[in-house]
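Raw final-v9.cif, mmCIF, C-alpha atoms:
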```
data_my_file
#
loop_
_atom_site.label_atom_id
_atom_site.label_comp_id
_atom_site.auth_asym_id
_atom_site.auth_seq_id
_atom_site.Cartn_x
_atom_site.Cartn_y
_atom_site.Cartn_z
CA MET A 13 0.00 0.00 0.00
CA SER A 14 1.42 3.39 -1.00
CA TYR A 15 1.78 6.17 1.51
CA LEU A 16 -0.61 8.34 -0.56
CA PHE A 17 -3.30 5.64 -0.62
CA PHE A 18 -2.92 5.13 3.14
CA CYS A 19 -3.43 8.87 3.83
CA VAL A 20 -6.52 9.07 1.60
CA SER A 21 -8.04 6.00 3.25
CA LEU A 22 -7.36 7.41 6.72
CA ARG A 23 -8.94 10.74 5.85
CA ARG A 24 -12.07 8.97 4.56
CA ARG A 25 -12.29 6.87 7.74
CA TRP A 26 -12.04 9.97 9.95
CA ALA A 27 -14.67 11.73 7.85
CA ARG A 28 -17.11 8.83 8.33
CA MET A 29 -16.48 8.80 12.09
CA LEU A 30 -16.97 12.56 12.31
CA ALA A 31 -20.23 12.35 10.37
CA ALA A 32 -21.47 9.59 12.66
CA LEU A 33 -20.71 11.72 15.71
CA THR A 34 -22.12 15.01 14.45
CA LEU A 35 -25.28 13.78 12.68
CA PRO A 36 -27.25 13.02 15.89
CA ALA A 37 -26.26 16.37 17.37
CA LEU A 38 -27.27 18.13 14.16
CA LEU A 39 -30.62 16.34 14.06
CA ALA A 40 -31.26 17.18 17.72
CA ALA A 41 -30.53 20.82 17.02
CA LEU A 42 -32.97 20.86 14.09
CA THR A 43 -35.77 18.96 15.91
CA PRO A 44 -38.10 21.13 18.06
CA ALA A 45 -37.71 20.36 21.77
CA GLN A 46 -40.66 18.73 23.50
CA ALA A 47 -41.14 20.99 26.51
CA GLU A 48 -42.65 19.59 29.68
CA PRO A 49 -46.24 20.81 30.23
CA GLN A 50 -46.49 23.68 32.71
CA THR A 51 -48.02 22.62 36.03
CA LEU A 52 -50.92 24.62 37.46
CA ARG A 53 -51.58 24.55 41.21
CA ILE A 54 -55.31 24.46 41.97
CA GLY A 55 -56.56 24.60 45.54
CA THR A 56 -59.52 22.50 46.60
CA GLY A 57 -60.88 20.43 49.47
CA ASP A 58 -62.29 16.95 50.03
CA TRP A 59 -65.87 17.32 48.77
CA ALA A 60 -66.92 13.99 47.29
CA PRO A 61 -68.28 13.26 44.77
CA TYR A 62 -67.03 16.53 43.21
CA VAL A 63 -63.52 16.25 44.69
CA ASP A 64 -62.42 13.05 46.40
CA THR A 65 -59.06 12.58 48.13
CA GLU A 66 -59.63 8.82 48.30
CA ARG A 67 -59.55 8.51 44.52
CA SER A 68 -56.30 8.65 42.56
CA ASP A 69 -57.96 10.82 39.89
CA GLY A 70 -59.26 13.31 42.47
CA GLY A 71 -62.98 12.92 41.79
CA ALA A 72 -65.40 14.03 39.08
CA LEU A 73 -64.57 17.75 38.88
CA ALA A 74 -60.85 17.07 39.20
CA ARG A 75 -61.12 14.72 36.20
CA LEU A 76 -62.99 17.39 34.24
CA ILE A 77 -60.58 20.23 35.03
CA SER A 78 -57.51 18.08 34.38
CA ALA A 79 -58.92 17.04 30.99
CA VAL A 80 -59.79 20.63 30.02
CA PHE A 81 -56.32 21.95 30.82
CA ALA A 82 -54.65 18.90 29.25
CA GLU A 83 -56.12 19.89 25.89
CA ALA A 84 -54.34 23.23 26.34
CA ASP A 85 -51.09 21.39 27.21
CA TYR A 86 -51.17 22.09 30.95
CA ARG A 87 -50.81 19.66 33.81
CA VAL A 88 -52.82 20.19 37.01
CA GLU A 89 -51.70 19.57 40.58
CA PHE A 90 -54.53 19.71 43.13
CA ILE A 91 -53.62 21.15 46.53
CA PHE A 92 -55.95 20.11 49.37
CA HIS A 93 -56.55 22.62 52.17
CA PRO A 94 -59.49 23.96 54.20
CA TRP A 95 -61.68 26.21 52.05
CA ASP A 96 -60.81 29.48 53.78
CA ARG A 97 -57.08 28.73 53.48
CA ASN A 98 -57.48 28.12 49.74
CA VAL A 99 -58.90 31.62 49.44
CA ARG A 100 -55.98 33.17 51.31
CA MET A 101 -53.44 31.26 49.21
CA LEU A 102 -55.14 32.42 46.01
CA GLN A 103 -55.09 36.03 47.18
CA GLN A 104 -51.37 35.69 48.01
CA GLY A 105 -50.58 34.27 44.57
CA GLN A 106 -49.62 30.80 45.88
CA LEU A 107 -52.28 29.10 43.73
CA HIS A 108 -53.32 29.57 40.12
CA ALA A 109 -56.99 28.89 40.92
CA ILE A 110 -59.35 27.31 43.46
CA MET A 111 -62.40 25.09 42.98
CA PRO A 112 -65.26 24.32 43.20
CA TYR A 113 -66.67 27.67 44.34
CA SER A 114 -69.86 29.57 43.72
CA CYS A 115 -69.46 33.08 42.33
CA GLY A 116 -71.24 35.24 44.91
CA PRO A 117 -70.61 38.98 45.41
CA SER A 118 -68.06 38.42 48.19
CA ARG A 119 -65.97 36.14 45.93
CA LEU A 120 -65.78 38.84 43.26
CA ASN A 121 -63.82 41.02 45.68
CA TYR A 122 -60.75 38.86 45.10
CA GLY A 123 -61.53 36.47 42.25
CA ILE A 124 -62.70 36.10 38.67
CA CYS A 125 -64.96 33.19 37.87
CA SER A 126 -64.92 30.65 35.09
CA ASP A 127 -67.94 29.57 33.12
CA PRO A 128 -70.16 27.08 35.01
CA LEU A 129 -68.86 23.55 35.51
CA VAL A 130 -71.97 21.98 37.08
CA ARG A 131 -74.89 23.24 39.15
CA GLY A 132 -74.82 22.68 42.91
CA GLU A 133 -77.93 22.37 45.06
CA ILE A 134 -77.70 23.42 48.74
CA VAL A 135 -80.34 21.88 51.01
CA LEU A 136 -80.85 21.69 54.76
CA PHE A 137 -80.12 18.33 56.39
CA HIS A 138 -81.86 17.42 59.64
CA ARG A 139 -82.50 14.35 61.78
CA ARG A 140 -85.17 12.00 60.52
CA ASP A 141 -86.98 12.08 63.88
CA GLN A 142 -87.12 15.89 63.92
CA ALA A 143 -90.22 17.60 62.56
CA PHE A 144 -88.85 20.40 60.42
CA ASP A 145 -90.21 22.73 57.77
CA TRP A 146 -89.26 26.14 56.48
CA THR A 147 -90.04 28.60 53.69
CA LYS A 148 -87.68 31.57 54.32
CA VAL A 149 -84.41 32.23 56.15
CA GLU A 150 -86.29 33.92 59.01
CA ASP A 151 -87.79 30.52 59.84
CA LEU A 152 -84.28 29.26 60.68
CA LEU A 153 -83.48 31.75 63.46
CA LYS A 154 -84.60 29.41 66.26
CA TYR A 155 -82.41 26.49 65.16
CA ARG A 156 -78.79 25.59 65.89
CA ILE A 157 -77.09 25.38 62.51
CA GLY A 158 -73.74 23.76 61.74
CA THR A 159 -71.72 25.49 59.01
CA THR A 160 -68.25 25.07 57.50
CA LEU A 161 -65.65 27.85 57.40
CA GLY A 162 -65.17 29.29 53.93
CA TYR A 163 -68.57 28.18 52.64
CA SER A 164 -71.21 30.30 50.95
CA TYR A 165 -74.80 29.12 51.30
CA GLY A 166 -76.54 31.70 49.14
CA GLN A 167 -77.07 35.44 49.50
CA ALA A 168 -80.01 35.39 51.93
CA PHE A 169 -78.38 32.90 54.31
CA ASP A 170 -74.94 34.57 54.09
CA GLU A 171 -76.38 38.01 54.88
CA ALA A 172 -78.25 36.67 57.90
CA LEU A 173 -75.09 34.89 59.04
CA GLN A 174 -72.93 38.01 58.69
CA ALA A 175 -75.51 40.09 60.53
CA GLY A 176 -75.31 37.68 63.48
CA ARG A 177 -78.97 36.70 63.24
CA LEU A 178 -78.36 32.97 62.95
CA ASN A 179 -77.29 30.63 65.74
CA VAL A 180 -74.38 28.85 64.09
CA VAL A 181 -71.64 26.42 65.09
CA GLN A 182 -68.78 26.80 62.63
CA SER A 183 -66.11 24.18 61.99
CA GLY A 184 -63.21 23.74 59.63
CA LYS A 185 -63.80 20.06 58.75
CA GLU A 186 -66.41 18.84 56.32
CA ASP A 187 -67.82 16.01 58.41
CA THR A 188 -68.00 17.76 61.81
CA SER A 189 -71.49 19.17 61.33
CA PHE A 190 -72.92 15.80 60.30
CA ARG A 191 -71.43 14.19 63.39
CA LEU A 192 -72.90 16.93 65.59
CA LEU A 193 -76.24 16.57 63.82
CA GLU A 194 -76.33 12.81 64.41
CA LEU A 195 -75.57 13.43 68.11
CA GLY A 196 -78.33 16.03 68.40
CA ARG A 197 -75.97 18.89 69.26
CA ILE A 198 -77.16 20.93 66.29
CA ASP A 199 -80.49 20.93 64.46
CA LEU A 200 -79.59 21.72 60.84
CA HIS A 201 -76.67 21.52 58.44
CA PRO A 202 -76.74 23.24 55.03
CA GLN A 203 -74.84 21.20 52.47
CA ASP A 204 -74.77 20.35 48.78
CA ARG A 205 -77.22 17.50 48.33
CA ALA A 206 -74.87 15.21 46.36
CA VAL A 207 -72.00 15.92 48.77
CA GLY A 208 -74.19 15.41 51.82
CA TYR A 209 -75.31 11.93 50.90
CA ALA A 210 -71.83 10.89 49.76
CA MET A 211 -70.51 12.02 53.15
CA LEU A 212 -73.27 10.26 55.07
CA ARG A 213 -72.49 7.00 53.29
CA ARG A 214 -68.89 7.29 54.49
CA LEU A 215 -69.72 8.32 58.05
CA PHE A 216 -72.53 5.83 58.59
CA PRO A 217 -72.02 3.00 56.07
CA GLN A 218 -74.74 0.80 57.54
CA ASP A 219 -77.74 3.08 57.13
CA GLY A 220 -76.52 6.59 56.32
CA GLY A 221 -77.38 7.74 59.82
CA ASN A 222 -80.63 9.19 61.09
CA ILE A 223 -80.31 12.12 58.70
CA VAL A 224 -82.36 13.30 55.71
CA HIS A 225 -82.74 16.55 53.78
CA HIS A 226 -85.63 18.96 53.40
CA PRO A 227 -86.80 19.13 49.75
CA ARG A 228 -86.77 22.93 49.62
CA GLN A 229 -83.52 24.28 48.22
CA LEU A 230 -81.63 26.82 50.30
CA ASN A 231 -79.63 27.82 47.24
CA THR A 232 -78.80 26.53 43.79
CA GLU A 233 -76.10 27.99 41.58
CA PRO A 234 -73.23 26.92 39.35
CA LEU A 235 -69.91 25.73 40.73
CA ARG A 236 -66.88 27.25 39.05
CA LEU A 237 -63.12 27.58 38.91
CA LEU A 238 -62.01 30.78 40.63
CA PHE A 239 -58.89 32.65 39.45
CA ARG A 240 -57.06 35.55 41.06
CA LYS A 241 -58.40 39.04 40.40
CA ASN A 242 -56.23 41.80 38.85
CA ASP A 243 -53.64 39.30 37.62
CA PRO A 244 -52.85 39.23 33.85
CA GLU A 245 -51.72 35.59 33.97
CA SER A 246 -54.95 34.58 35.71
CA ALA A 247 -56.99 36.43 33.10
CA ARG A 248 -55.14 34.57 30.34
CA LEU A 249 -55.69 31.18 32.02
CA LEU A 250 -59.37 31.99 32.57
CA HIS A 251 -59.85 32.79 28.88
CA LEU A 252 -58.00 29.63 27.88
CA PHE A 253 -59.96 27.45 30.30
CA ASN A 254 -63.35 28.80 29.21
CA ALA A 255 -62.53 28.24 25.54
CA ARG A 256 -61.59 24.60 26.13
CA LEU A 257 -64.52 24.07 28.51
CA ARG A 258 -66.92 25.09 25.73
CA ASP A 259 -65.52 22.25 23.62
CA PHE A 260 -66.42 19.80 26.39
CA ALA A 261 -69.89 21.31 26.70
CA GLU A 262 -70.46 20.93 22.95
CA ARG A 263 -69.45 17.25 23.20
CA GLY A 264 -72.08 16.73 25.93
CA ASP A 265 -69.61 16.12 28.76
CA LEU A 266 -71.05 18.70 31.16
CA LYS A 267 -74.60 17.47 30.66
CA ARG A 268 -73.53 13.87 31.27
CA LEU A 269 -71.61 14.91 34.40
CA GLN A 270 -74.60 16.76 35.83
CA GLN A 271 -76.81 13.73 35.22
CA ALA A 272 -74.24 11.47 36.91
CA LEU A 273 -74.10 13.76 39.96
CA ASN A 274 -77.89 13.90 40.24
CA SER A 275 -78.20 10.12 40.02
CA GLY A 276 -75.32 9.33 42.40
CA ASN A 277 -73.11 7.85 39.68
CA ALA A 278 -70.43 10.55 39.50
CA ASP A 279 -67.63 8.07 40.22
CA ASP A 280 -68.35 6.34 36.90
CA TRP A 281 -68.27 9.51 34.80
CA LYS A 282 -65.26 10.13 32.57
CA PRO A 283 -64.60 13.03 30.17
CA SER A 284 -64.56 12.34 26.46
CA THR A 285 -61.45 12.64 24.31
CA SER A 286 -61.30 15.29 21.59
CA ALA A 287 -60.43 14.52 17.98
CA ARG A 288 -57.31 16.66 18.45
CA ALA A 289 -56.13 14.52 21.35
CA VAL A 290 -56.72 11.33 19.34
CA ARG A 291 -54.64 12.70 16.45
CA ASP A 292 -51.83 13.68 18.84
#
```

Using structure tokens, write down the structure that the file contains.
Amino acid sequence: MSYLFFCVSLRRRWARMLAALTLPALLAALTPAQAEPQTLRIGTGDWAPYVDTERSDGGALARLISAVFAEADYRVEFIFHPWDRNVRMLQQGQLHAIMPYSCGPSRLNYGICSDPLVRGEIVLFHRRDQAFDWTKVEDLLKYRIGTTLGYSYGQAFDEALQAGRLNVVQSGKEDTSFRLLELGRIDLHPQDRAVGYAMLRRLFPQDGGNIVHHPRQLNTEPLRLLFRKNDPESARLLHLFNARLRDFAERGDLKRLQQALNSGNADDWKPSTSARAVRD
């Protein structure tokens, strides 16, 4: 082998090795990077069947909200705290949003509300052996009423509560009022109907306890996602969420979820998958 042939062969070998080493780097530089989805922190509380800490998917509304944001390429982390603490954390900018909340006047002081997710129905629970009837909030003044910190029960009830006209026992835990009601230490407990019966099944698995609800509604209004007021990023996320939520409404998801909640089958409800998600 001549010296010239040896040098040419060596140069070709080095060229092939260099190409093998640089081609992957070149391709990586030309290929768009797959960024990790941004994580949104959403504050909530254990409020089955809407939100359920005992389920890995977080419950019906957690499944809905996660699916809505997933179609906008966001991941959701749910942070569980007492309801009043969620509000403080939202105001301090520690959370992107909180849910599920009604959108009463007091909430608008610090938050901006999403389009409706589902409609909640607040009723008054009482003991089965207690004769009870009412038509207006004034009829409730003589009763001992168990409430939960951070809750809104409708404008008429909230105004009477703030004015000190109602005899209330407030607590920070969801199940405290039902336990007090079963023991006869309070007379009434306002609660979402679906939540109330889900909670009673957990507390008293044999018979649901000696507790029923009065058919008259104390309040009924939509439950929503609540974002921080006067925050440009929150306004952007609200607009994005509402746009994607409308897609779910058009596919019939919200109607099916409401029906599942009303019938007690919320645990079986799952959001549909968009054509975009299937293509991806």

**Request:** Carefully work through the PyMOL selection byres ((chain A and resi 50-62) around 7) for this structure and note down the residues it includes, as an NGL selection string.
**Result:** :A and (48-49 or 63-65 or 71-73 or 86-95 or 98 or 107-112 or 207 or 210 or 278-279)

Might you spell out which residues the PyMOL selection byres ((chain A and resi 125) around 7) would select in the displayed file, as a PDB file with C-alpha atoms, in the coordinates of the input?
```pdb
ATOM      1  CA  CYS A 115     -69.460  33.080  42.330  1.00  0.00           C
ATOM      2  CA  GLY A 123     -61.530  36.470  42.250  1.00  0.00           C
ATOM      3  CA  ILE A 124     -62.700  36.100  38.670  1.00  0.00           C
ATOM      4  CA  SER A 126     -64.920  30.650  35.090  1.00  0.00           C
ATOM      5  CA  ASP A 127     -67.940  29.570  33.120  1.00  0.00           C
ATOM      6  CA  ARG A 236     -66.880  27.250  39.050  1.00  0.00           C
ATOM      7  CA  LEU A 237     -63.120  27.580  38.910  1.00  0.00           C
ATOM      8  CA  LEU A 238     -62.010  30.780  40.630  1.00  0.00           C
ATOM      9  CA  PHE A 239     -58.890  32.650  39.450  1.00  0.00           C
TER      10      PHE A 239
END
```

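Minimum atom-to-atom distances from A:Val80, A:Ala175, A:Leu102, A:Ile223 to A:Thr285 were compared using only C-alpha atoms, and the lowest value belongs to A:Val80.
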
**Asked** To one decimal place, how far is atom CA of A:Arg131 from atom CA of A:Glu233 in Å?
**Response**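 According to the coordinates, atom CA of A:Arg131 and atom CA of A:Glu233 are separated by 5.5 Å.
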
**Prompt:** Smallest atom-to-atom distance to A:Ala74: which of A:Val181, A:Leu252, A:Leu129, A:Ala247, using all atoms listed in the file?
**Reply:**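 Selected residue with least distance to A:Ala74: A:Leu129.
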
**Prompt:** Which of these residues is nearest to A:Asp204, using only C-alpha atoms: A:Asn179, A:Asn254, A:Ser164, A:Ser246?
**Reply:** A:Ser164

**Item:** Residues returned when the PyMOL selection byres ((chain A and resi 132) around 9) runs on this file, as a PyMOL selection string
**Value:** chain A and resi 114+130-131+133-134+204-206+231-235

**Request:** Would you please work out which residue, of A:Gln174, A:Asp145, A:Leu161, A:Leu136, is nearest to A:Glu186 when using all atoms listed in the file?
**Result:**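 Checking each of A:Gln174, A:Asp145, A:Leu161, A:Leu136 against A:Glu186, counting all atoms listed in the file, the winner is A:Leu161.
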
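One distance worth recording is that between atom CA of A:Pro227 and atom CA of A:Tyr113, which is 22.5 Å.
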
**Request:** Determine the nearest neighbour of A:Asp243 from the options A:Lys185, A:Gln103, A:Arg97, A:Arg75, counting only C-alpha atoms.
**Result:** A:Gln103

**Prompt:** Using only C-alpha atoms, which of A:Ser118, A:Leu153, A:Lys282, A:Gly158 sits nearest A:Asp187?
**Reply:** A:Gly158

**Message:** Quick one: residues within 7 Å of A:His201, only C-alpha atoms, excluding same-chain residues fewer than 3 positions away - as a list of chain:residue names?
**Reply:** A:Leu136, A:Phe137, A:His138, A:Ile157, A:Gly158, A:Thr159, A:Ser189

**Asked** Between atom CA of A:Asn222 and atom CA of A:Arg139, what is the distance, to one decimal in Å?
**Response** 5.5 Å
